[in-house]
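Novice: What follows is protein-v7.csv; its format and atoms are CSV, C-alpha atoms.
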```csv
chain,number,residue,atom,x,y,z
A,1,MET,CA,87.5,205.7,46.2
A,2,GLN,CA,86.6,206.2,49.9
A,3,ASP,CA,84.5,203.4,51.5
A,4,GLU,CA,81.0,204.9,52.0
A,5,ASN,CA,80.6,202.9,55.2
A,6,SER,CA,83.6,204.6,56.9
A,7,LEU,CA,82.8,206.9,59.8
A,8,GLU,CA,84.7,209.8,58.1
A,9,PHE,CA,82.7,209.7,54.9
A,10,ASN,CA,79.9,212.1,56.0
A,11,ASN,CA,81.7,213.8,58.9
A,12,ARG,CA,81.4,217.6,58.8
A,13,ILE,CA,83.7,218.0,61.8
A,14,PRO,CA,87.4,216.8,61.7
A,15,LEU,CA,87.4,214.4,64.7
A,16,GLU,CA,90.4,212.3,63.8
A,17,GLU,CA,92.7,214.2,66.1
A,18,LEU,CA,90.2,214.1,69.0
A,19,LYS,CA,89.7,210.3,68.6
A,20,SER,CA,93.4,209.5,68.5
A,21,ALA,CA,94.2,211.8,71.4
A,22,THR,CA,91.6,210.2,73.7
A,23,GLU,CA,92.8,206.8,72.6
A,24,ALA,CA,96.4,207.9,73.5
A,25,ILE,CA,95.2,208.8,77.0
A,26,GLY,CA,93.7,205.3,77.4
A,27,ASN,CA,96.8,203.7,76.1
A,28,GLU,CA,99.0,205.6,78.6
A,29,LEU,CA,96.9,204.7,81.6
A,30,SER,CA,96.7,201.0,80.5
A,31,LYS,CA,100.4,200.8,81.1
A,32,VAL,CA,99.6,200.8,84.8
A,33,ILE,CA,95.9,200.4,85.3
A,34,VAL,CA,94.3,197.0,84.6
A,35,GLY,CA,90.6,196.4,83.9
A,36,GLN,CA,89.3,199.9,84.3
A,37,ASP,CA,88.6,200.8,80.6
A,38,ASP,CA,85.1,202.1,81.2
A,39,PHE,CA,86.3,204.1,84.2
A,40,ILE,CA,89.0,205.7,82.2
A,41,LYS,CA,86.7,206.4,79.2
A,42,LEU,CA,84.3,208.2,81.5
A,43,LEU,CA,87.1,210.3,83.0
A,44,ILE,CA,88.0,211.4,79.5
A,45,VAL,CA,84.4,212.2,78.7
A,46,GLY,CA,84.1,214.2,81.9
A,47,LEU,CA,87.2,216.2,81.0
A,48,LEU,CA,85.9,216.8,77.4
A,49,THR,CA,82.5,218.0,78.6
A,50,ASP,CA,83.8,220.3,81.4
A,51,GLY,CA,82.3,218.0,84.1
A,52,HIS,CA,83.2,216.8,87.6
A,53,VAL,CA,83.4,213.1,88.6
A,54,LEU,CA,82.5,211.4,91.8
A,55,ILE,CA,84.1,207.9,92.2
A,56,GLU,CA,82.7,205.5,94.7
A,57,GLY,CA,84.4,202.2,95.6
A,58,VAL,CA,86.1,200.3,98.4
A,59,PRO,CA,89.7,201.1,99.3
A,60,GLY,CA,92.6,199.7,97.3
A,61,ILE,CA,91.0,199.5,93.8
A,62,ALA,CA,93.1,202.2,92.2
A,63,LYS,CA,90.6,205.1,92.5
A,64,THR,CA,93.2,207.6,93.6
A,65,ILE,CA,96.1,206.4,91.5
A,66,THR,CA,94.0,206.3,88.3
A,67,SER,CA,93.0,209.9,88.9
A,68,LYS,CA,96.6,211.0,89.5
A,69,LEU,CA,97.8,209.2,86.4
A,70,PHE,CA,94.9,210.6,84.3
A,71,ALA,CA,96.0,214.1,85.4
A,72,LYS,CA,99.6,213.3,84.5
A,73,SER,CA,98.5,212.4,80.9
A,74,ILE,CA,97.2,216.0,80.5
A,75,ASP,CA,99.7,218.9,80.5
A,76,THR,CA,97.9,220.7,83.4
A,77,LYS,CA,98.3,221.6,87.0
A,78,PHE,CA,97.2,219.0,89.5
A,79,ASN,CA,96.4,219.2,93.3
A,80,ARG,CA,95.3,216.6,95.7
A,81,ILE,CA,93.2,217.4,98.8
A,82,GLN,CA,92.6,214.9,101.6
A,83,PHE,CA,89.3,215.7,103.2
A,84,THR,CA,89.2,215.1,107.0
A,85,PRO,CA,86.6,216.0,109.7
A,86,ASP,CA,88.7,219.0,110.9
A,87,LEU,CA,89.2,220.5,107.4
A,88,MET,CA,88.0,224.1,107.2
A,89,PRO,CA,86.7,225.9,104.1
A,90,SER,CA,89.8,228.2,104.1
A,91,ASP,CA,92.0,225.1,103.9
A,92,VAL,CA,90.5,224.4,100.5
A,93,LEU,CA,89.7,227.8,99.1
A,94,GLY,CA,92.4,230.0,100.6
A,95,THR,CA,92.5,232.8,103.1
A,96,SER,CA,93.2,236.5,103.4
A,97,ILE,CA,96.4,237.3,105.3
A,98,LEU,CA,97.3,240.7,106.8
A,99,LYS,CA,100.5,242.2,105.3
A,100,ALA,CA,101.9,244.3,108.1
A,101,ASP,CA,104.2,246.4,105.9
A,102,GLN,CA,101.2,247.5,103.7
A,103,SER,CA,98.4,247.4,106.4
A,104,ASP,CA,96.4,245.5,103.9
A,105,PHE,CA,95.1,242.0,103.3
A,106,GLU,CA,96.5,239.6,100.6
A,107,PHE,CA,94.6,236.6,99.4
A,108,LYS,CA,96.6,233.4,99.6
A,109,LYS,CA,95.0,230.9,97.2
A,110,GLY,CA,94.2,227.4,98.5
A,111,PRO,CA,94.8,224.1,96.8
A,112,ILE,CA,91.5,224.2,94.9
A,113,PHE,CA,93.2,226.7,92.5
A,114,SER,CA,94.4,224.1,90.0
A,115,ASN,CA,93.2,222.5,86.7
A,116,ILE,CA,92.5,219.0,87.9
A,117,VAL,CA,91.8,218.6,91.7
A,118,LEU,CA,91.6,215.2,93.3
A,119,ILE,CA,89.5,215.3,96.5
A,120,ASP,CA,90.1,212.1,98.5
A,121,GLU,CA,87.2,210.9,100.7
A,122,ILE,CA,85.0,213.9,100.1
A,123,ASN,CA,82.4,212.7,102.5
A,124,ARG,CA,84.9,212.9,105.4
A,125,ALA,CA,84.6,216.6,105.7
A,126,PRO,CA,81.7,218.3,107.4
A,127,ALA,CA,78.9,220.1,105.6
A,128,LYS,CA,80.5,223.5,105.9
A,129,THR,CA,83.6,222.5,104.0
A,130,GLN,CA,81.6,220.5,101.4
A,131,ALA,CA,79.4,223.7,100.9
A,132,ALA,CA,82.6,225.6,100.1
A,133,LEU,CA,82.8,223.6,96.8
A,134,PHE,CA,79.3,224.7,95.6
A,135,GLU,CA,80.3,227.9,93.9
A,136,VAL,CA,83.6,226.7,92.5
A,137,MET,CA,82.2,223.5,91.0
A,138,GLU,CA,79.2,225.3,89.4
A,139,GLU,CA,80.6,228.7,88.3
A,140,GLN,CA,84.4,227.9,88.3
A,141,GLN,CA,85.1,230.8,90.6
A,142,ILE,CA,85.2,231.6,94.3
A,143,THR,CA,84.2,234.8,96.0
A,144,MET,CA,86.3,235.9,99.0
A,145,ASP,CA,85.9,239.2,100.8
A,146,GLY,CA,83.6,240.4,98.0
A,147,LYS,CA,86.1,239.7,95.3
A,148,GLU,CA,85.7,237.1,92.6
A,149,TYR,CA,88.6,234.8,91.7
A,150,LYS,CA,88.2,232.8,88.4
A,151,MET,CA,89.6,229.3,88.0
A,152,PRO,CA,92.0,228.7,85.1
A,153,PRO,CA,90.5,226.5,82.4
A,154,PRO,CA,90.2,223.6,82.4
A,155,PHE,CA,88.9,223.0,85.9
A,156,MET,CA,87.8,219.5,86.9
A,157,VAL,CA,87.1,218.0,90.4
A,158,ILE,CA,87.6,214.3,90.8
A,159,ALA,CA,86.3,213.2,94.2
A,160,THR,CA,86.4,209.8,95.8
A,161,GLN,CA,84.3,208.2,98.6
A,162,ASN,CA,84.2,204.9,100.3
A,163,PRO,CA,80.6,203.3,100.3
A,164,ILE,CA,81.4,200.9,103.1
A,165,GLU,CA,82.8,202.7,106.1
A,166,GLN,CA,80.2,205.3,107.1
A,167,GLU,CA,81.4,206.1,110.6
A,168,GLY,CA,82.6,209.7,110.8
A,169,THR,CA,81.4,210.6,107.4
A,170,TYR,CA,78.9,213.2,106.2
A,171,ALA,CA,76.7,212.2,103.3
A,172,LEU,CA,76.8,214.6,100.3
A,173,PRO,CA,73.5,216.5,100.0
A,174,GLU,CA,71.5,216.3,96.8
A,175,ALA,CA,72.6,219.7,95.7
A,176,GLN,CA,76.2,218.7,96.0
A,177,LEU,CA,75.7,215.4,94.1
A,178,ASP,CA,73.9,217.2,91.3
A,179,ARG,CA,77.1,219.2,90.6
A,180,PHE,CA,78.9,216.1,89.6
A,181,LEU,CA,78.4,215.1,86.0
A,182,PHE,CA,79.1,211.4,86.8
A,183,LYS,CA,79.0,209.1,89.8
A,184,LEU,CA,81.1,206.1,88.9
A,185,LYS,CA,80.9,202.9,91.0
A,186,ILE,CA,84.1,201.0,90.8
A,187,ASP,CA,84.2,197.3,91.7
A,188,TYR,CA,86.9,194.7,92.4
A,189,PRO,CA,88.9,193.3,89.4
A,190,ASN,CA,88.1,189.7,88.2
A,191,LEU,CA,90.6,186.9,88.6
A,192,GLU,CA,92.3,187.4,85.3
A,193,GLU,CA,92.7,191.1,85.9
A,194,GLU,CA,94.0,190.5,89.5
A,195,VAL,CA,96.7,188.2,88.1
A,196,GLN,CA,97.7,190.8,85.5
A,197,ILE,CA,97.9,193.5,88.3
A,198,LEU,CA,100.3,191.2,90.2
A,199,LYS,CA,102.5,190.6,87.2
A,200,LEU,CA,102.7,194.3,86.3
A,201,GLN,CA,103.7,195.2,89.8
A,202,HIS,CA,106.4,192.4,89.8
A,203,HIS,CA,107.9,193.5,86.5
A,204,ARG,CA,107.8,197.2,87.4
A,205,LYS,CA,110.2,196.5,90.3
A,206,ALA,CA,111.1,199.9,92.0
A,207,LYS,CA,109.7,202.1,89.2
A,208,LEU,CA,107.0,204.5,90.3
A,209,PRO,CA,103.7,204.2,88.3
A,210,LEU,CA,103.6,208.0,87.8
A,211,ASN,CA,107.0,207.9,86.0
A,212,GLU,CA,105.6,205.5,83.3
A,213,ILE,CA,102.9,207.9,82.1
A,214,GLU,CA,103.7,210.4,79.3
A,215,THR,CA,101.8,213.6,78.7
A,216,VAL,CA,99.7,213.3,75.5
A,217,MET,CA,97.4,216.4,75.5
A,218,ASN,CA,97.8,220.1,76.3
A,219,VAL,CA,95.3,222.7,77.4
A,220,GLU,CA,95.1,224.4,74.0
A,221,THR,CA,94.2,221.1,72.3
A,222,LEU,CA,91.7,220.2,75.0
A,223,LEU,CA,89.8,223.4,74.6
A,224,LYS,CA,89.8,222.9,70.9
A,225,PHE,CA,88.3,219.5,71.4
A,226,ARG,CA,85.6,220.9,73.7
A,227,ASP,CA,84.6,223.4,71.0
A,228,GLN,CA,84.3,220.5,68.5
A,229,ILE,CA,82.0,218.6,70.8
A,230,HIS,CA,79.6,221.5,70.9
A,231,GLU,CA,79.3,221.2,67.1
A,232,ILE,CA,78.2,217.5,67.2
A,233,VAL,CA,74.9,217.1,65.3
A,234,VAL,CA,71.8,216.1,67.4
A,235,GLU,CA,68.5,215.3,65.6
A,236,ASP,CA,65.1,216.3,67.1
A,237,LYS,CA,64.2,212.7,67.8
A,238,ILE,CA,67.3,212.4,70.1
A,239,PHE,CA,66.1,215.4,72.1
A,240,ASP,CA,62.7,213.8,72.4
A,241,TYR,CA,64.3,210.5,73.5
A,242,ILE,CA,66.4,212.1,76.2
A,243,ALA,CA,63.5,214.2,77.5
A,244,GLU,CA,61.1,211.2,77.6
A,245,ILE,CA,63.6,209.1,79.6
A,246,VAL,CA,64.2,211.9,82.2
A,247,MET,CA,60.4,212.6,82.3
A,248,GLN,CA,59.8,208.9,83.1
A,249,THR,CA,62.1,209.2,86.2
A,250,ARG,CA,59.9,211.9,87.6
A,251,LYS,CA,56.8,209.8,87.6
A,252,HIS,CA,58.1,206.3,88.1
A,253,PRO,CA,56.4,204.6,91.1
A,254,HIS,CA,59.7,203.3,92.4
A,255,LEU,CA,61.4,206.7,92.6
A,256,LEU,CA,61.0,209.4,95.2
A,257,LEU,CA,63.0,211.9,93.2
A,258,GLY,CA,63.5,212.0,89.4
A,259,GLY,CA,66.1,213.7,87.2
A,260,SER,CA,66.1,217.5,86.8
A,261,PRO,CA,66.6,219.5,83.6
A,262,ARG,CA,70.3,219.5,84.6
A,263,ALA,CA,70.2,215.7,84.2
A,264,SER,CA,68.8,216.0,80.7
A,265,LEU,CA,71.5,218.5,79.8
A,266,SER,CA,74.2,216.2,81.2
A,267,ILE,CA,72.9,213.2,79.2
A,268,LEU,CA,73.0,215.4,76.1
A,269,LYS,CA,76.6,216.6,76.7
A,270,VAL,CA,77.9,213.1,77.5
A,271,ALA,CA,76.1,211.5,74.5
A,272,LYS,CA,77.8,214.1,72.2
A,273,ALA,CA,81.2,213.3,73.7
A,274,PHE,CA,80.7,209.6,73.3
A,275,ALA,CA,79.9,210.2,69.6
A,276,ALA,CA,83.0,212.4,69.2
A,277,ILE,CA,85.5,210.0,70.8
A,278,GLN,CA,84.3,207.3,68.4
A,279,GLY,CA,85.0,209.7,65.5
A,280,ARG,CA,81.4,210.4,64.7
A,281,ASP,CA,79.9,213.8,64.4
A,282,PHE,CA,76.3,212.9,65.2
A,283,VAL,CA,74.6,211.4,68.2
A,284,THR,CA,72.8,208.0,68.1
A,285,PRO,CA,70.4,206.4,70.6
A,286,GLU,CA,73.2,204.1,71.6
A,287,ASP,CA,75.3,207.1,72.7
A,288,VAL,CA,72.3,208.2,74.9
A,289,LYS,CA,71.9,204.7,76.4
A,290,MET,CA,75.6,204.7,77.3
A,291,SER,CA,75.2,208.0,79.1
A,292,LEU,CA,72.2,207.2,81.3
A,293,LYS,CA,73.6,205.2,84.3
A,294,PRO,CA,76.7,207.4,85.2
A,295,THR,CA,74.7,210.6,84.8
A,296,LEU,CA,71.5,209.5,86.5
A,297,ASN,CA,72.4,207.1,89.2
A,298,HIS,CA,73.2,209.9,91.7
A,299,ARG,CA,70.4,212.2,90.7
A,300,ILE,CA,67.4,209.8,91.4
A,301,ILE,CA,66.3,208.6,94.8
A,302,LEU,CA,64.6,205.3,95.3
A,303,SER,CA,61.4,204.9,97.2
A,304,PRO,CA,62.0,203.6,100.8
A,305,GLU,CA,60.3,200.3,99.9
A,306,LYS,CA,62.5,199.6,96.9
A,307,GLU,CA,65.6,200.7,98.9
A,308,MET,CA,64.8,198.1,101.6
A,309,GLU,CA,64.3,195.5,99.0
A,310,GLY,CA,67.9,196.1,97.8
A,311,THR,CA,66.9,197.6,94.4
A,312,THR,CA,69.6,199.8,92.9
A,313,PRO,CA,69.2,203.0,90.9
A,314,GLU,CA,70.9,201.3,87.9
A,315,GLN,CA,68.1,198.7,87.8
A,316,ILE,CA,65.4,201.3,87.7
A,317,ILE,CA,67.3,203.2,85.0
A,318,ASP,CA,67.4,199.9,83.0
A,319,LEU,CA,63.6,199.5,83.4
A,320,ILE,CA,62.9,203.1,82.3
A,321,GLN,CA,65.3,202.9,79.3
A,322,LYS,CA,63.6,199.7,78.1
A,323,SER,CA,60.2,201.2,78.4
A,324,VAL,CA,60.9,204.2,76.2
A,325,GLU,CA,60.8,203.6,72.4
A,326,ILE,CA,64.1,203.9,70.7
A,327,PRO,CA,64.0,206.5,67.9
A,328,ARG,CA,64.6,205.1,64.4
```
Once more with this new file: its structure as structure tokens, please.

Specialist:
Amino acid sequence: MQDENSLEFNNRIPLEELKSATEAIGNELSKVIVGQDDFIKLLIVGLLTDGHVLIEGVPGIAKTITSKLFAKSIDTKFNRIQFTPDLMPSDVLGTSILKADQSDFEFKKGPIFSNIVLIDEINRAPAKTQAALFEVMEEQQITMDGKEYKMPPPFMVIATQNPIEQEGTYALPEAQLDRFLFKLKIDYPNLEEEVQILKLQHHRKAKLPLNEIETVMNVETLLKFRDQIHEIVVEDKIFDYIAEIVMQTRKHPHLLLGGSPRASLSILKVAKAFAAIQGRDFVTPEDVKMSLKPTLNHRIILSPEKEMEGTTPEQIIDLIQKSVEIPR
């Protein structure tokens, strides 16, 4: 007789394969990456929900290598673009080249044409180059010379930026930030994790980290998982809970700008993915609470007074979440 307390007892959607596949990705990355379990989980959620991820952290804390290893664990194409102040939109999107023998132009696709694209130091490029990403991140296509070029699914942008060194950088505009599902803030490892990093590097000897990662998911399986997440059950009280939290950000006295309807939709998508990777086919308030900070922290703007006091967006999100009654 099946235990009535098991997660699978009332499941209407078969989520065992999805749960084990996402765990396999985490296990692969843990061979190399230490102490970034939440970061890796959110990368997986971003992939499952067709979202883009912005990673903020000081140099040397494995932002780039984690993204590269993550892409290696999925059987997809991967490109890396280093943004610099002299980078032009055509260096990212591609350009039309005259074919002399045919007296016609041929479009040469740029590095953005891939499945998972890592953009290193996205805030190094000027606004014109950043703006070139607007269409492709939102509509998964680019328009060149009046012709549309669709991106192959899946398409995910993982971008990094350094919060410390601001000289020669161009802050991302709000419209650009809003196209990222998550903004993940990565910090230094603790002492125990630092020791483990040193030991892993010592025992690895000359082996490259990339060679230690096995591919554990293909595109067909990923697209099937995405369809399953759409079917996750959400009760009316969860819709009310999400809407109330986002509404509170719009009228909070410590905020200059609150979350948009896109923020509400993002929280809903992420909460459904959190439920799915735990093998559950319904969303709980806890799934919503886990979704709030990474989806809202880049979509709200603090009042100047609170910013000068050193208040963080995460602190305000905590205050709002605690002020809204949890549905029972």

Novice: List every residue of segment 140-192 of chain A that has an atom at most 12 Å from any atom of segment 205-224 of chain A, giving for each one its closest atom pair and the distance in Å to one decimal, counting all atoms listed in the file, sorted by chain and then by ascending residue number, as a Markdown table.

Specialist:
```
| residue | atom | partner | partner_atom | distance |
| --- | --- | --- | --- | --- |
| A:Pro152 | CA | A:Val219 | CA | 10.3 |
| A:Pro153 | CA | A:Val219 | CA | 7.9 |
| A:Pro154 | CA | A:Val219 | CA | 7.2 |
| A:Phe155 | CA | A:Val219 | CA | 10.6 |
```

Novice: Given the choices A:Val136, A:Leu87, A:Val288, A:Leu15, which gets closest to Ile326 of chain A if the distance is worked out from all atoms listed in the file?

Specialist: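 Checking each candidate against Ile326 of chain A, we get A:Val288 as the closest.
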
Novice: For Glu106 of chain A, which residue among A:Lys306, A:Lys68, A:Lys147, A:Arg280 is the nearest when counting all atoms listed in the file?

Specialist: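 Using all atoms listed in the file, the shortest distance to Glu106 of chain A belongs to A:Lys147.
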
Novice: Measure the distance from atom CA of Thr95 of chain A to atom CA of Ile116 of chain A in Å and round it to one decimal.

Specialist: 20.5 Å

Novice: Within 6 Å of segment 259-270 of chain A, counting only C-alpha atoms, which residues show up once you throw out same-chain ones fewer than 3 positions away? Write them as an mmCIF file with C-alpha atoms, in the frame of the given file, please.

Specialist:
```
data_model
loop_
_atom_site.group_PDB
_atom_site.id
_atom_site.type_symbol
_atom_site.label_atom_id
_atom_site.label_comp_id
_atom_site.auth_asym_id
_atom_site.auth_seq_id
_atom_site.Cartn_x
_atom_site.Cartn_y
_atom_site.Cartn_z
ATOM 1 C CA VAL A 246 64.200 211.900 82.200
ATOM 2 C CA ALA A 273 81.200 213.300 73.700
ATOM 3 C CA SER A 291 75.200 208.000 79.100
ATOM 4 C CA ARG A 299 70.400 212.200 90.700
ATOM 5 C CA ILE A 300 67.400 209.800 91.400
#
```

Novice: Could you state the separation of atom CA of Leu43 of chain A and atom CA of Leu172 of chain A in Å, given to one decimal place?

Specialist: 20.6 Å

Novice: Between atom CA of Ala71 of chain A and atom CA of Ile158 of chain A, what is the spacing in Å?

Specialist: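 So the answer is 10.0 Å.
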
Novice: Excluding Val117 of chain A and residues on its chain fewer than 4 positions from it, collect all residues at most 7 Å away from it, counting all atoms listed in the file, and give them as a compact mmCIF listing (two decimals) with C-alpha atoms, in the coordinates of the input.

Specialist:
```txt
# COMPACT_ATOMS: atom_id res chain seq x y z
CA PHE A 78 97.20 219.00 89.50
CA ASN A 79 96.40 219.20 93.30
CA ARG A 80 95.30 216.60 95.70
CA ILE A 112 91.50 224.20 94.90
CA MET A 156 87.80 219.50 86.90
CA VAL A 157 87.10 218.00 90.40
CA ILE A 158 87.60 214.30 90.80
```

Novice: Which of these, A:Arg124, A:Lys72, A:Arg204, A:Lys109, has the shortest distance to Ala171 of chain A once you count all atoms listed in the file?

Specialist: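 For Ala171 of chain A, the nearest of the candidates is A:Arg124.
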
Novice: Skipping near chain neighbours, those fewer than 4 positions away, what residues fall within 9 Å of Asn297 of chain A using all atoms listed in the file, listed as a compact mmCIF listing (two decimals) with C-alpha atoms, keeping the file's coordinate frame?

Specialist:
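selection15.txt written:
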```txt
# COMPACT_ATOMS: atom_id res chain seq x y z
CA PHE A 182 79.10 211.40 86.80
CA LYS A 183 79.00 209.10 89.80
CA LEU A 184 81.10 206.10 88.90
CA LEU A 292 72.20 207.20 81.30
CA LYS A 293 73.60 205.20 84.30
CA ILE A 301 66.30 208.60 94.80
CA THR A 312 69.60 199.80 92.90
CA PRO A 313 69.20 203.00 90.90
CA GLU A 314 70.90 201.30 87.90
CA ILE A 317 67.30 203.20 85.00
```
